[in-house]
$ cat target37.txt   # compact mmCIF, C-alpha atoms
# COMPACT_ATOMS: atom_id res chain seq x y z
CA MET F 1 -35.96 1.36 -18.43
CA THR F 2 -36.51 5.07 -19.07
CA SER F 3 -34.79 7.67 -16.90
CA PRO F 4 -36.64 10.32 -14.83
CA TRP F 5 -35.40 12.85 -17.39
CA HIS F 6 -37.10 10.99 -20.25
CA ASP F 7 -40.27 10.66 -18.13
CA TYR F 8 -40.20 14.41 -17.63
CA LEU F 9 -39.87 15.00 -21.37
CA ASP F 10 -42.78 12.66 -22.07
CA ARG F 11 -45.03 14.68 -19.75
CA LEU F 12 -44.34 17.99 -21.53
CA PRO F 13 -47.07 19.34 -23.85
CA LYS F 14 -46.54 18.01 -27.35
CA GLN F 15 -46.51 21.45 -28.91
CA VAL F 16 -43.39 22.40 -26.93
CA ALA F 17 -40.20 21.86 -28.89
CA VAL F 18 -37.75 19.85 -26.78
CA PRO F 19 -34.12 19.37 -27.78
CA PRO F 20 -32.98 15.76 -27.91
CA VAL F 21 -31.12 14.38 -24.91
CA VAL F 22 -27.59 13.33 -25.78
CA ALA F 23 -26.23 10.54 -23.62
CA ALA F 24 -22.62 11.68 -23.58
CA GLY F 25 -20.62 14.81 -24.28
CA LYS F 26 -17.06 16.04 -24.28
CA LEU F 27 -15.07 18.78 -22.58
CA VAL F 28 -14.12 21.79 -24.64
CA ARG F 29 -12.64 24.02 -21.95
CA GLY F 30 -11.67 24.06 -18.28
CA ILE F 31 -11.15 27.38 -16.54
CA GLY F 32 -10.67 27.79 -12.80
CA LEU F 33 -13.29 25.78 -10.94
CA THR F 34 -15.54 24.95 -13.88
CA LEU F 35 -15.47 22.67 -16.87
CA GLU F 36 -17.34 23.42 -20.09
CA ALA F 37 -18.84 20.58 -22.07
CA VAL F 38 -20.86 20.20 -25.26
CA GLY F 39 -23.22 17.44 -26.26
CA CYS F 40 -24.63 16.62 -22.79
CA GLN F 41 -27.92 18.46 -22.37
CA LEU F 42 -28.66 17.51 -18.77
CA PRO F 43 -30.71 19.34 -16.13
CA VAL F 44 -28.95 21.54 -13.56
CA GLY F 45 -28.06 19.38 -10.56
CA SER F 46 -27.42 16.22 -12.59
CA GLN F 47 -24.40 14.10 -11.73
CA CYS F 48 -21.79 13.23 -14.37
CA LEU F 49 -18.59 11.24 -14.70
CA VAL F 50 -15.67 12.92 -16.47
CA GLN F 51 -13.12 10.51 -17.92
CA THR F 52 -9.52 11.61 -17.38
CA VAL F 53 -6.09 10.15 -18.04
CA GLU F 54 -5.98 9.16 -14.34
CA GLY F 55 -9.45 7.64 -14.09
CA GLU F 56 -12.88 9.17 -13.53
CA ILE F 57 -14.02 12.09 -11.41
CA GLU F 58 -17.54 13.12 -10.48
CA ALA F 59 -18.99 16.48 -11.45
CA GLU F 60 -22.33 18.22 -11.23
CA VAL F 61 -24.15 20.39 -13.75
CA VAL F 62 -24.27 23.91 -12.28
CA GLY F 63 -25.40 25.94 -15.28
CA PHE F 64 -25.65 26.19 -19.04
CA GLY F 65 -25.45 28.73 -21.84
CA GLU F 66 -26.58 28.03 -25.41
CA ASP F 67 -24.74 24.81 -26.34
CA ILE F 68 -22.37 24.89 -23.35
CA THR F 69 -23.01 22.93 -20.14
CA TYR F 70 -21.07 24.10 -17.08
CA LEU F 71 -19.78 21.37 -14.76
CA MET F 72 -18.31 21.69 -11.27
CA PRO F 73 -16.10 18.78 -10.10
CA THR F 74 -16.75 17.46 -6.61
CA GLU F 75 -13.08 16.58 -6.13
CA ALA F 76 -9.65 17.78 -7.19
CA VAL F 77 -9.25 18.19 -10.94
CA ARG F 78 -6.42 16.01 -12.26
CA GLY F 79 -5.67 14.45 -15.63
CA ILE F 80 -8.33 16.32 -17.61
CA VAL F 81 -7.55 16.99 -21.25
CA PRO F 82 -9.55 18.64 -24.06
CA GLY F 83 -12.11 16.22 -25.44
CA SER F 84 -12.47 14.19 -22.23
CA ARG F 85 -15.76 12.32 -22.33
CA VAL F 86 -18.61 13.33 -20.05
CA LEU F 87 -21.07 10.57 -19.13
CA PRO F 88 -24.35 10.90 -17.21
CA LEU F 89 -24.10 9.15 -13.85
CA ASN F 90 -27.02 6.82 -13.26
CA ARG F 91 -27.41 6.84 -9.50
CA GLU F 92 -30.42 6.30 -7.29
CA GLY F 93 -31.72 9.77 -6.51
CA GLY F 94 -31.95 11.40 -3.10
CA LEU F 95 -30.04 11.11 0.14
CA ALA F 96 -30.00 7.83 2.08
CA VAL F 97 -31.42 8.45 5.57
CA GLY F 98 -32.50 6.34 8.51
CA MET F 99 -31.85 5.63 12.16
CA GLY F 100 -28.57 4.05 11.09
CA LEU F 101 -27.16 7.56 10.66
CA LEU F 102 -27.00 8.07 14.43
CA GLY F 103 -23.43 7.94 15.67
CA ARG F 104 -21.99 8.28 12.17
CA VAL F 105 -19.81 10.82 10.35
CA VAL F 106 -20.62 11.45 6.68
CA ASP F 107 -19.46 13.76 3.89
CA GLY F 108 -21.50 16.23 1.86
CA ASN F 109 -22.98 13.40 -0.24
CA GLY F 110 -23.97 11.37 2.81
CA GLN F 111 -21.16 8.85 2.31
CA PRO F 112 -19.47 7.53 5.49
CA LEU F 113 -16.13 9.01 6.57
CA ASP F 114 -15.69 7.08 9.82
CA GLY F 115 -14.64 3.72 8.39
CA LEU F 116 -17.54 1.91 10.06
CA GLY F 117 -18.94 0.47 6.87
CA ALA F 118 -22.05 1.26 4.90
CA ILE F 119 -24.88 3.16 6.55
CA ASN F 120 -28.05 1.22 7.22
CA ALA F 121 -30.47 3.55 5.46
CA SER F 122 -34.15 2.72 5.33
CA THR F 123 -35.25 5.32 2.78
CA ARG F 124 -34.13 8.04 0.41
CA VAL F 125 -35.27 11.64 0.47
CA PRO F 126 -34.59 14.58 -1.89
CA THR F 127 -31.98 17.07 -0.69
CA SER F 128 -34.34 19.90 -1.59
CA ARG F 129 -38.05 20.12 -0.96
CA PRO F 130 -40.82 22.66 -1.53
CA PRO F 131 -41.11 25.37 1.14
CA MET F 132 -43.35 24.45 4.05
CA ASN F 133 -46.65 26.28 4.31
CA PRO F 134 -46.00 28.79 7.14
CA LEU F 135 -49.53 28.28 8.46
CA SER F 136 -48.89 24.55 8.97
CA ARG F 137 -46.04 25.17 11.44
CA ARG F 138 -46.65 24.96 15.16
CA PRO F 139 -45.91 28.22 16.99
CA ILE F 140 -42.83 28.41 19.20
CA SER F 141 -44.11 28.15 22.76
CA LYS F 142 -41.63 26.13 24.87
CA PRO F 143 -38.07 26.96 25.98
CA MET F 144 -35.16 24.82 24.82
CA ASP F 145 -32.51 23.76 27.31
CA VAL F 146 -29.06 24.07 25.67
CA GLY F 147 -27.02 23.55 28.84
CA VAL F 148 -25.37 27.01 28.65
CA ARG F 149 -26.41 29.34 31.47
CA ALA F 150 -25.82 32.62 29.64
CA ILE F 151 -28.19 31.47 26.86
CA ASN F 152 -30.73 29.65 29.03
CA ALA F 153 -31.18 32.63 31.33
CA MET F 154 -30.37 35.77 29.35
CA ASN F 155 -31.20 34.78 25.74
CA THR F 156 -33.65 31.92 26.14
CA VAL F 157 -34.13 29.85 22.99
CA GLY F 158 -37.48 28.33 22.05
CA ILE F 159 -37.96 24.87 20.58
CA GLY F 160 -38.03 25.42 16.81
CA GLN F 161 -36.12 28.72 16.85
CA ARG F 162 -33.32 29.63 14.40
CA MET F 163 -30.42 31.47 16.06
CA GLY F 164 -27.13 32.84 14.80
CA LEU F 165 -23.76 32.77 16.57
CA PHE F 166 -21.92 35.86 15.35
CA ALA F 167 -18.19 36.18 15.93
CA GLY F 168 -14.80 36.68 14.37
CA SER F 169 -12.30 33.87 14.08
CA GLY F 170 -10.86 32.28 17.20
CA VAL F 171 -13.32 33.47 19.86
CA GLY F 172 -14.95 30.15 20.68
CA LYS F 173 -17.81 29.50 18.22
CA SER F 174 -16.97 25.83 17.73
CA VAL F 175 -16.43 25.30 21.48
CA LEU F 176 -19.83 26.83 22.22
CA LEU F 177 -21.43 24.51 19.67
CA GLY F 178 -19.83 21.57 21.47
CA MET F 179 -21.17 22.81 24.82
CA MET F 180 -24.69 22.96 23.38
CA THR F 181 -24.31 19.50 21.86
CA ARG F 182 -23.48 18.06 25.28
CA GLY F 183 -26.08 20.03 27.23
CA SER F 184 -29.01 19.96 24.84
CA GLU F 185 -32.21 18.12 25.71
CA ALA F 186 -32.81 17.33 22.00
CA ASP F 187 -33.55 13.77 20.86
CA VAL F 188 -31.07 14.03 17.96
CA VAL F 189 -28.18 16.42 17.28
CA VAL F 190 -27.10 17.04 13.67
CA VAL F 191 -23.80 18.90 13.28
CA GLY F 192 -22.61 20.36 9.99
CA LEU F 193 -18.89 21.21 10.01
CA VAL F 194 -18.64 23.05 6.70
CA GLY F 195 -15.66 24.95 5.35
CA GLU F 196 -13.74 24.93 8.63
CA ARG F 197 -10.37 23.43 9.58
CA GLY F 198 -10.09 19.72 8.92
CA ARG F 199 -8.60 18.95 12.34
CA GLU F 200 -11.75 20.31 14.02
CA VAL F 201 -13.77 17.37 12.73
CA LYS F 202 -11.84 14.76 14.72
CA GLU F 203 -11.47 17.07 17.71
CA PHE F 204 -15.20 17.69 17.79
CA ILE F 205 -16.03 13.99 17.63
CA HIS F 206 -13.42 12.65 20.06
CA ASP F 207 -12.69 15.55 22.41
CA ILE F 208 -16.01 17.36 22.67
CA LEU F 209 -18.51 14.52 22.32
CA THR F 210 -18.55 11.61 24.76
CA GLU F 211 -19.33 8.11 23.59
CA GLU F 212 -22.87 8.40 24.93
CA GLU F 213 -23.45 11.72 23.16
CA ARG F 214 -22.17 10.36 19.85
CA LYS F 215 -24.98 7.79 19.88
CA ARG F 216 -27.59 10.51 19.29
CA ALA F 217 -25.51 12.70 16.96
CA VAL F 218 -24.88 12.82 13.22
CA VAL F 219 -21.85 14.77 11.96
CA VAL F 220 -21.66 16.01 8.37
CA ALA F 221 -18.13 17.10 7.47
CA ALA F 222 -17.06 19.14 4.44
CA PRO F 223 -13.77 20.83 5.47
CA ALA F 224 -12.16 23.84 3.83
CA ASP F 225 -10.03 21.74 1.47
CA THR F 226 -13.06 20.19 -0.25
CA SER F 227 -14.58 21.68 -3.40
CA PRO F 228 -17.12 24.53 -3.09
CA LEU F 229 -19.76 22.14 -4.39
CA MET F 230 -19.12 19.72 -1.51
CA ARG F 231 -19.21 22.56 1.00
CA LEU F 232 -22.55 23.67 -0.42
CA LYS F 233 -23.85 20.11 -0.27
CA GLY F 234 -22.54 19.69 3.29
CA CYS F 235 -24.95 22.29 4.66
CA GLU F 236 -27.87 21.02 2.61
CA THR F 237 -27.19 17.40 3.58
CA ALA F 238 -27.13 18.33 7.29
CA VAL F 239 -30.47 20.13 6.94
CA THR F 240 -31.98 17.21 4.99
CA ILE F 241 -30.94 14.75 7.72
CA ALA F 242 -32.41 17.04 10.38
CA GLU F 243 -35.67 17.24 8.39
CA TYR F 244 -35.88 13.44 8.25
CA PHE F 245 -35.65 13.09 12.03
CA ARG F 246 -38.12 15.96 12.49
CA ASP F 247 -40.57 14.15 10.23
CA GLN F 248 -40.24 11.12 12.54
CA GLY F 249 -41.61 13.25 15.40
CA MET F 250 -38.26 13.98 17.08
CA ASN F 251 -36.90 17.25 18.47
CA VAL F 252 -33.67 17.95 16.60
CA LEU F 253 -30.83 20.34 17.42
CA LEU F 254 -29.16 21.45 14.18
CA LEU F 255 -25.73 23.10 14.43
CA ILE F 256 -24.18 24.53 11.25
CA ASP F 257 -20.59 25.79 11.36
CA SER F 258 -20.65 27.92 9.35
CA LEU F 259 -23.32 29.75 7.37
CA THR F 260 -20.66 32.14 6.07
CA ARG F 261 -18.69 29.29 4.45
CA TYR F 262 -21.93 28.15 2.79
CA ALA F 263 -22.36 31.63 1.33
CA MET F 264 -18.72 31.72 0.22
CA ALA F 265 -19.08 28.34 -1.52
CA GLN F 266 -22.11 29.60 -3.43
CA ARG F 267 -20.18 32.76 -4.32
CA GLU F 268 -17.31 30.69 -5.76
CA ILE F 269 -19.71 28.61 -7.86
CA ALA F 270 -21.79 31.57 -9.06
CA LEU F 271 -18.81 33.68 -10.06
CA ALA F 272 -17.23 30.70 -11.84
CA VAL F 273 -20.28 30.29 -14.11
CA GLY F 274 -20.44 34.00 -14.87
CA GLU F 275 -23.00 35.45 -12.43
CA PRO F 276 -22.20 39.14 -11.84
CA PRO F 277 -21.03 40.15 -8.35
CA ALA F 278 -23.16 42.51 -6.28
CA THR F 279 -22.42 43.36 -2.64
CA LYS F 280 -18.74 42.86 -1.71
CA GLY F 281 -18.36 40.33 -4.48
CA TYR F 282 -21.39 38.24 -3.44
CA PRO F 283 -23.74 37.50 -6.38
CA PRO F 284 -27.53 37.83 -5.92
CA SER F 285 -27.97 34.04 -5.80
CA VAL F 286 -26.16 33.95 -2.44
CA PHE F 287 -28.81 36.13 -0.82
CA ALA F 288 -31.54 33.97 -2.36
CA ARG F 289 -30.07 30.69 -1.09
CA LEU F 290 -29.51 31.82 2.51
CA PRO F 291 -33.20 32.21 3.45
CA ALA F 292 -34.09 29.08 1.47
CA LEU F 293 -31.67 27.09 3.66
CA VAL F 294 -32.57 28.74 6.98
CA GLU F 295 -36.35 28.48 6.48
CA ARG F 296 -36.12 24.69 6.26
CA ALA F 297 -35.48 24.57 10.01
CA GLY F 298 -38.13 25.28 12.64
CA ASN F 299 -41.22 23.55 14.00
CA GLY F 300 -43.08 21.09 11.85
CA SER F 301 -46.78 20.38 11.76
CA ASP F 302 -48.76 18.93 14.66
CA LYS F 303 -47.68 15.39 13.71
CA GLN F 304 -44.01 16.28 13.33
CA GLY F 305 -41.19 17.24 15.66
CA SER F 306 -39.00 20.34 15.50
CA ILE F 307 -35.60 21.60 14.37
CA THR F 308 -33.95 24.12 16.68
CA ALA F 309 -31.04 25.51 14.69
CA PHE F 310 -27.86 27.43 15.47
CA TYR F 311 -25.83 28.83 12.58
CA THR F 312 -22.40 30.31 13.14
CA VAL F 313 -21.70 33.48 11.16
CA LEU F 314 -18.11 34.63 10.70
CA THR F 315 -17.89 38.40 11.01
CA GLU F 316 -14.81 39.46 9.04
CA GLY F 317 -12.77 41.85 11.13
CA ASP F 318 -15.43 41.57 13.86
CA ASP F 319 -17.68 43.70 11.62
CA LEU F 320 -21.33 42.94 12.36
CA GLN F 321 -22.30 44.92 9.23
CA ASP F 322 -20.64 42.40 6.93
CA PRO F 323 -23.11 41.59 4.08
CA ILE F 324 -23.59 37.95 5.11
CA ALA F 325 -23.89 38.85 8.82
CA ASP F 326 -26.40 41.56 7.99
CA ALA F 327 -28.46 39.25 5.77
CA ALA F 328 -28.38 36.42 8.34
CA ARG F 329 -29.44 38.72 11.17
CA ALA F 330 -32.52 39.70 9.16
CA ILE F 331 -33.71 36.13 8.49
CA LEU F 332 -32.87 34.52 11.85
CA ASP F 333 -34.95 34.58 15.04
CA GLY F 334 -32.17 36.10 17.12
CA HIS F 335 -28.42 36.21 17.49
CA VAL F 336 -25.75 35.50 20.09
CA VAL F 337 -22.71 37.74 19.65
CA LEU F 338 -19.33 36.50 20.87
CA SER F 339 -16.97 39.31 21.90
CA ARG F 340 -13.25 39.22 21.14
CA SER F 341 -12.49 41.50 24.09
CA LEU F 342 -14.27 39.10 26.46
CA ALA F 343 -12.40 36.14 24.96
CA ASP F 344 -9.09 37.99 25.28
CA SER F 345 -9.80 38.61 28.96
CA GLY F 346 -10.47 34.90 29.61
CA HIS F 347 -14.25 35.24 29.86
CA TYR F 348 -15.80 32.05 28.40
CA PRO F 349 -18.17 31.57 26.78
CA ALA F 350 -17.48 35.06 25.43
CA ILE F 351 -21.17 35.97 25.02
CA ASP F 352 -21.87 39.70 24.86
CA ILE F 353 -25.30 39.89 26.49
CA GLU F 354 -25.66 43.56 25.49
CA ALA F 355 -25.45 42.80 21.76
CA SER F 356 -27.30 39.45 21.87
CA ILE F 357 -31.04 38.98 21.61
CA SER F 358 -33.58 36.18 21.32
CA ARG F 359 -36.67 37.39 19.48
CA VAL F 360 -38.93 34.63 20.79
CA MET F 361 -37.82 34.86 24.43
CA PRO F 362 -40.94 36.85 25.50
CA MET F 363 -43.12 34.06 24.11
CA VAL F 364 -41.44 31.16 25.94
CA VAL F 365 -40.59 32.54 29.41
CA SER F 366 -42.56 34.02 32.29
CA ASP F 367 -42.86 37.76 32.93
CA GLU F 368 -40.74 37.32 36.06
CA HIS F 369 -37.96 35.64 34.08
CA LEU F 370 -38.06 38.42 31.51
CA MET F 371 -37.85 41.15 34.16
CA GLN F 372 -34.94 39.46 35.94
CA ALA F 373 -32.97 39.10 32.70
CA ARG F 374 -33.69 42.73 31.84
CA ARG F 375 -32.52 43.87 35.28
CA ILE F 376 -29.23 41.99 35.03
CA ARG F 377 -28.66 43.32 31.51
CA GLN F 378 -29.31 46.93 32.65
CA VAL F 379 -26.81 46.73 35.51
CA TYR F 380 -24.21 45.01 33.34
CA SER F 381 -24.67 47.61 30.58
CA ASN F 382 -24.34 50.45 33.08
CA TYR F 383 -20.96 49.08 34.17
CA LYS F 384 -19.73 48.65 30.59
CA GLN F 385 -20.72 52.21 29.64
CA ASN F 386 -18.70 53.62 32.51
CA GLN F 387 -15.87 51.08 32.52
CA ASP F 388 -13.23 53.48 31.22
CA LEU F 389 -14.03 56.09 33.89
CA ILE F 390 -13.93 53.43 36.59
CA ALA F 391 -10.64 51.97 35.31
CA ILE F 392 -8.74 55.28 35.39
CA GLY F 393 -10.20 56.32 38.74
CA ALA F 394 -12.17 59.26 37.32
CA TYR F 395 -15.40 58.10 38.93
CA ALA F 396 -15.94 59.17 42.53
CA LYS F 397 -17.78 56.63 44.64
CA GLY F 398 -21.22 57.87 45.66
CA SER F 399 -21.70 60.14 42.64
CA ASP F 400 -24.32 57.85 41.06
CA PRO F 401 -26.09 55.02 42.95
CA ARG F 402 -26.60 53.08 39.70
CA ILE F 403 -22.88 53.04 38.92
CA ASP F 404 -22.10 52.12 42.55
CA LEU F 405 -24.45 49.14 42.21
CA ALA F 406 -22.87 48.17 38.88
CA ILE F 407 -19.37 48.22 40.39
CA ARG F 408 -20.46 46.01 43.29
CA ALA F 409 -22.42 43.61 41.06
CA GLU F 410 -19.90 43.27 38.23
CA PRO F 411 -17.92 40.33 39.74
CA ALA F 412 -21.13 38.39 40.49
CA ILE F 413 -22.58 39.01 37.01
CA ASN F 414 -19.34 37.95 35.31
CA ALA F 415 -19.19 34.79 37.42
CA PHE F 416 -22.80 34.02 36.50
CA LEU F 417 -22.15 34.42 32.77
CA GLN F 418 -19.02 32.24 32.71
CA GLN F 419 -19.04 28.47 32.44
CA GLY F 420 -16.52 25.68 31.98
CA MET F 421 -16.20 24.09 28.54
CA LYS F 422 -17.26 20.67 29.80
CA GLN F 423 -19.76 21.96 32.34
CA VAL F 424 -23.47 21.45 31.69
CA LEU F 425 -25.89 23.77 33.51
CA PRO F 426 -29.54 22.72 33.04
CA TYR F 427 -32.32 25.21 32.41
CA ASP F 428 -33.84 25.02 35.91
CA GLU F 429 -30.45 25.49 37.54
CA SER F 430 -29.77 28.47 35.28
CA LEU F 431 -33.04 30.09 36.36
CA GLU F 432 -32.25 29.54 40.05
CA GLY F 433 -28.90 31.27 39.64
CA MET F 434 -30.49 34.14 37.75
CA THR F 435 -33.19 34.61 40.40
CA ALA F 436 -30.58 34.75 43.16
CA LEU F 437 -28.49 37.25 41.20
CA ALA F 438 -31.45 39.48 40.29
CA THR F 439 -32.68 39.47 43.90
CA GLY F 440 -29.29 40.75 45.03
CA LEU F 441 -29.51 43.58 42.50
CA GLY F 442 -32.84 44.79 43.87
CA GLN F 443 -35.80 46.05 41.91
CA GLY F 444 -34.77 49.65 41.27

$ encode --input "target37.txt" --output "structure tokens"
Amino acid sequence: MTSPWHDYLDRLPKQVAVPPVVAAGKLVRGIGLTLEAVGCQLPVGSQCLVQTVEGEIEAEVVGFGEDITYLMPTEAVRGIVPGSRVLPLNREGGLAVGMGLLGRVVDGNGQPLDGLGAINASTRVPTSRPPMNPLSRRPISKPMDVGVRAINAMNTVGIGQRMGLFAGSGVGKSVLLGMMTRGSEADVVVVGLVGERGREVKEFIHDILTEEERKRAVVVAAPADTSPLMRLKGCETAVTIAEYFRDQGMNVLLLIDSLTRYAMAQREIALAVGEPPATKGYPPSVFARLPALVERAGNGSDKQGSITAFYTVLTEGDDLQDPIADAARAILDGHVVLSRSLADSGHYPAIDIEASISRVMPMVVSDEHLMQARRIRQVYSNYKQNQDLIAIGAYAKGSDPRIDLAIRAEPAINAFLQQGMKQVLPYDESLEGMTALATGLGQG
């Protein structure tokens, strides 16, 4: 039986000179994260087995140069010596997907991590696909209930929207993802825990998700101690699984934690194979892969469902001008910013409604809803701008009616924006609370 690679060679025009395919090769050098081999002319993305003194490890072709093929191991490198044999890995292509994925935890290759046996997969799909024709997508026209009042009311998300959660470390990104997983009205929830702490995987599954919620969720885990290749695959596998359920006509909530770790994994791989660094050490390929990943989410065609996606973005030093944060903000449909000062004061979820925005909110809510949210934001912003004067007693009551209103309304607005970690507040209930709050603030 001929391989897909030989079939590809057979289809090439006969006048094109094609180098012969060598079945096996050998390692000539291993530096840092990469292995260099000769004699195995395989396409980028091919899987290989590297024979070591301790057994075999899997690797993937990530680049080439003249006669050298660059390999990236998918696991820890042990027992490799010069001259180790490199063998092509004959494996059925694509990712195994099906309804049997629901309730399961898998790694970046789609292999089960939960000890519940093999996954009952009905089909296989490629982990990458051609970009969707933008004109074939349905427009975003309906609001999405995520069960979080501050988002439902103040930064309403549309079904099929791509949003970013921007924050530094330790301000509640993962907890907010768990709140949305519990409160979402989506048919299926796909969670990608990529490059984060390993303990968060079990905590997310057992502490944040109930048994009923796990039945409609798929968790893809590639923690920080896995190879950069597995972290890269973790994000792409989560998106591929979400695409499968969207193609079945379902509304999917995709949660990726985090997009920054995806970019860092690509940076590690690109620098290891010699790509020159550009902005803050990130090679150009990073900024090419980010939109390619994000654009795979969204509404499908009229016969398909939708993928509403949230991507967490780690802002180093709480700097929103970080290169990855800046690039993500440009390609996403909005962003929710989590404030460290709010988190330090015990305000959860620590959503900064001044810095957050949903770009599709005007298209999915009524004019009345939009005006009420704007009114609350104006009063809240007025208080924040004058908070230092108020705190030190430099503001004299009665000097400005707008500041007087902001001082009176601040406790009610803060109470409205806060919510318990295990509390679910539906969309309609969120709107009722917002209407009552905005009515108390008046129209001026």

$ atom_distance --input "target37.txt" --atom1 "CA of Pro88 in chain F" --atom2 "CA of Cys48 in chain F"
4.5 Å

$ residues_near_point --input "target37.txt" --point "(-28.3, 8.2, 12.8)" --cutoff "10 Å" --atoms "only C-alpha atoms" --output "ChimeraX atom specification"
/F:97-105,119-121,188-190,214-219,241,245

$ closest_residue --input "target37.txt" --among "F:Val273, F:Ile307, F:Leu27, F:Val171" --to "Leu49 in chain F" --atoms "all atoms listed in the file"
F:Leu27

$ residues_around --input "target37.txt" --residues "Ser306 in chain F" --least-positions-apart "2" --cutoff "7 Å" --atoms "only C-alpha atoms" --output "mmCIF file with C-alpha atoms, in the coordinates of the input"
data_model
loop_
_atom_site.group_PDB
_atom_site.id
_atom_site.type_symbol
_atom_site.label_atom_id
_atom_site.label_comp_id
_atom_site.auth_asym_id
_atom_site.auth_seq_id
_atom_site.Cartn_x
_atom_site.Cartn_y
_atom_site.Cartn_z
ATOM 1 C CA ILE F 159 -37.960 24.870 20.580
ATOM 2 C CA GLY F 160 -38.030 25.420 16.810
ATOM 3 C CA ARG F 246 -38.120 15.960 12.490
ATOM 4 C CA MET F 250 -38.260 13.980 17.080
ATOM 5 C CA ASN F 251 -36.900 17.250 18.470
ATOM 6 C CA VAL F 252 -33.670 17.950 16.600
ATOM 7 C CA GLY F 298 -38.130 25.280 12.640
ATOM 8 C CA ASN F 299 -41.220 23.550 14.000
ATOM 9 C CA GLY F 300 -43.080 21.090 11.850
ATOM 10 C CA GLN F 304 -44.010 16.280 13.330
ATOM 11 C CA THR F 308 -33.950 24.120 16.680
#

$ closest_residue --input "target37.txt" --among "F:Leu89, F:Lys397, F:Gly164, F:Thr156" --to "Asp326 in chain F" --atoms "all atoms listed in the file"
F:Gly164

$ residues_around --input "target37.txt" --residues "range 254-260 of chain F" --least-positions-apart "6" --cutoff "8 Å" --atoms "all atoms listed in the file" --output "PyMOL selection string"
chain F and resi 174+177+189-196+235+238-239+242+307-314+324-325

$ atom_distance --input "target37.txt" --atom1 "CA of Arg375 in chain F" --atom2 "CA of Thr181 in chain F"
29.0 Å

$ residues_around --input "target37.txt" --residues "Ala438 in chain F" --least-positions-apart "3" --cutoff "7 Å" --atoms "only C-alpha atoms" --output "PDB file with C-alpha atoms, in the frame of the given file"
ATOM      1  CA  GLN F 372     -34.940  39.460  35.940  1.00  0.00           C
ATOM      2  CA  ARG F 375     -32.520  43.870  35.280  1.00  0.00           C
ATOM      3  CA  ILE F 376     -29.230  41.990  35.030  1.00  0.00           C
ATOM      4  CA  MET F 434     -30.490  34.140  37.750  1.00  0.00           C
ATOM      5  CA  THR F 435     -33.190  34.610  40.400  1.00  0.00           C
ATOM      6  CA  LEU F 441     -29.510  43.580  42.500  1.00  0.00           C
ATOM      7  CA  GLY F 442     -32.840  44.790  43.870  1.00  0.00           C
TER       8      GLY F 442
END

$ atom_distance --input "target37.txt" --atom1 "CA of Lys280 in chain F" --atom2 "CA of Leu33 in chain F"
20.2 Å

$ closest_residue --input "target37.txt" --among "F:Leu417, F:Ile31, F:Leu87, F:Met163" --to "Ala330 in chain F" --atoms "only C-alpha atoms"
F:Met163

$ residues_around --input "target37.txt" --residues "Gln418 in chain F" --least-positions-apart "4" --cutoff "12 Å" --atoms "all atoms listed in the file" --output "NGL selection string"
:F and (148-151 or 176 or 342-343 or 345-353 or 411-414 or 423-425 or 430)

$ residues_around --input "target37.txt" --residues "Leu229 in chain F" --least-positions-apart "3" --cutoff "7 Å" --atoms "only C-alpha atoms" --output "ChimeraX atom specification"
/F:74,232-233,265

$ closest_residue --input "target37.txt" --among "F:Lys303, F:Arg124, F:His369, F:Arg231" --to "Thr439 in chain F" --atoms "all atoms listed in the file"
F:His369

$ closest_residue --input "target37.txt" --among "F:Asp400, F:Glu295, F:Glu354, F:Asp187" --to "Pro134 in chain F" --atoms "only C-alpha atoms"
F:Glu295

$ residues_near_point --input "target37.txt" --point "(-31.8, 22.5, 36.3)" --cutoff "12 Å" --atoms "only C-alpha atoms" --output "CSV table (one decimal) with C-alpha atoms, in the coordinates of the input"
chain,number,residue,atom,x,y,z
F,145,ASP,CA,-32.5,23.8,27.3
F,146,VAL,CA,-29.1,24.1,25.7
F,147,GLY,CA,-27.0,23.6,28.8
F,148,VAL,CA,-25.4,27.0,28.6
F,149,ARG,CA,-26.4,29.3,31.5
F,152,ASN,CA,-30.7,29.6,29.0
F,153,ALA,CA,-31.2,32.6,31.3
F,183,GLY,CA,-26.1,20.0,27.2
F,185,GLU,CA,-32.2,18.1,25.7
F,424,VAL,CA,-23.5,21.4,31.7
F,425,LEU,CA,-25.9,23.8,33.5
F,426,PRO,CA,-29.5,22.7,33.0
F,427,TYR,CA,-32.3,25.2,32.4
F,428,ASP,CA,-33.8,25.0,35.9
F,429,GLU,CA,-30.4,25.5,37.5
F,430,SER,CA,-29.8,28.5,35.3
F,431,LEU,CA,-33.0,30.1,36.4
F,432,GLU,CA,-32.2,29.5,40.0
F,433,GLY,CA,-28.9,31.3,39.6
F,434,MET,CA,-30.5,34.1,37.8

$ closest_residue --input "target37.txt" --among "F:Asn109, F:Ser141, F:Gln419, F:Asn382" --to "Val365 in chain F" --atoms "all atoms listed in the file"
F:Ser141
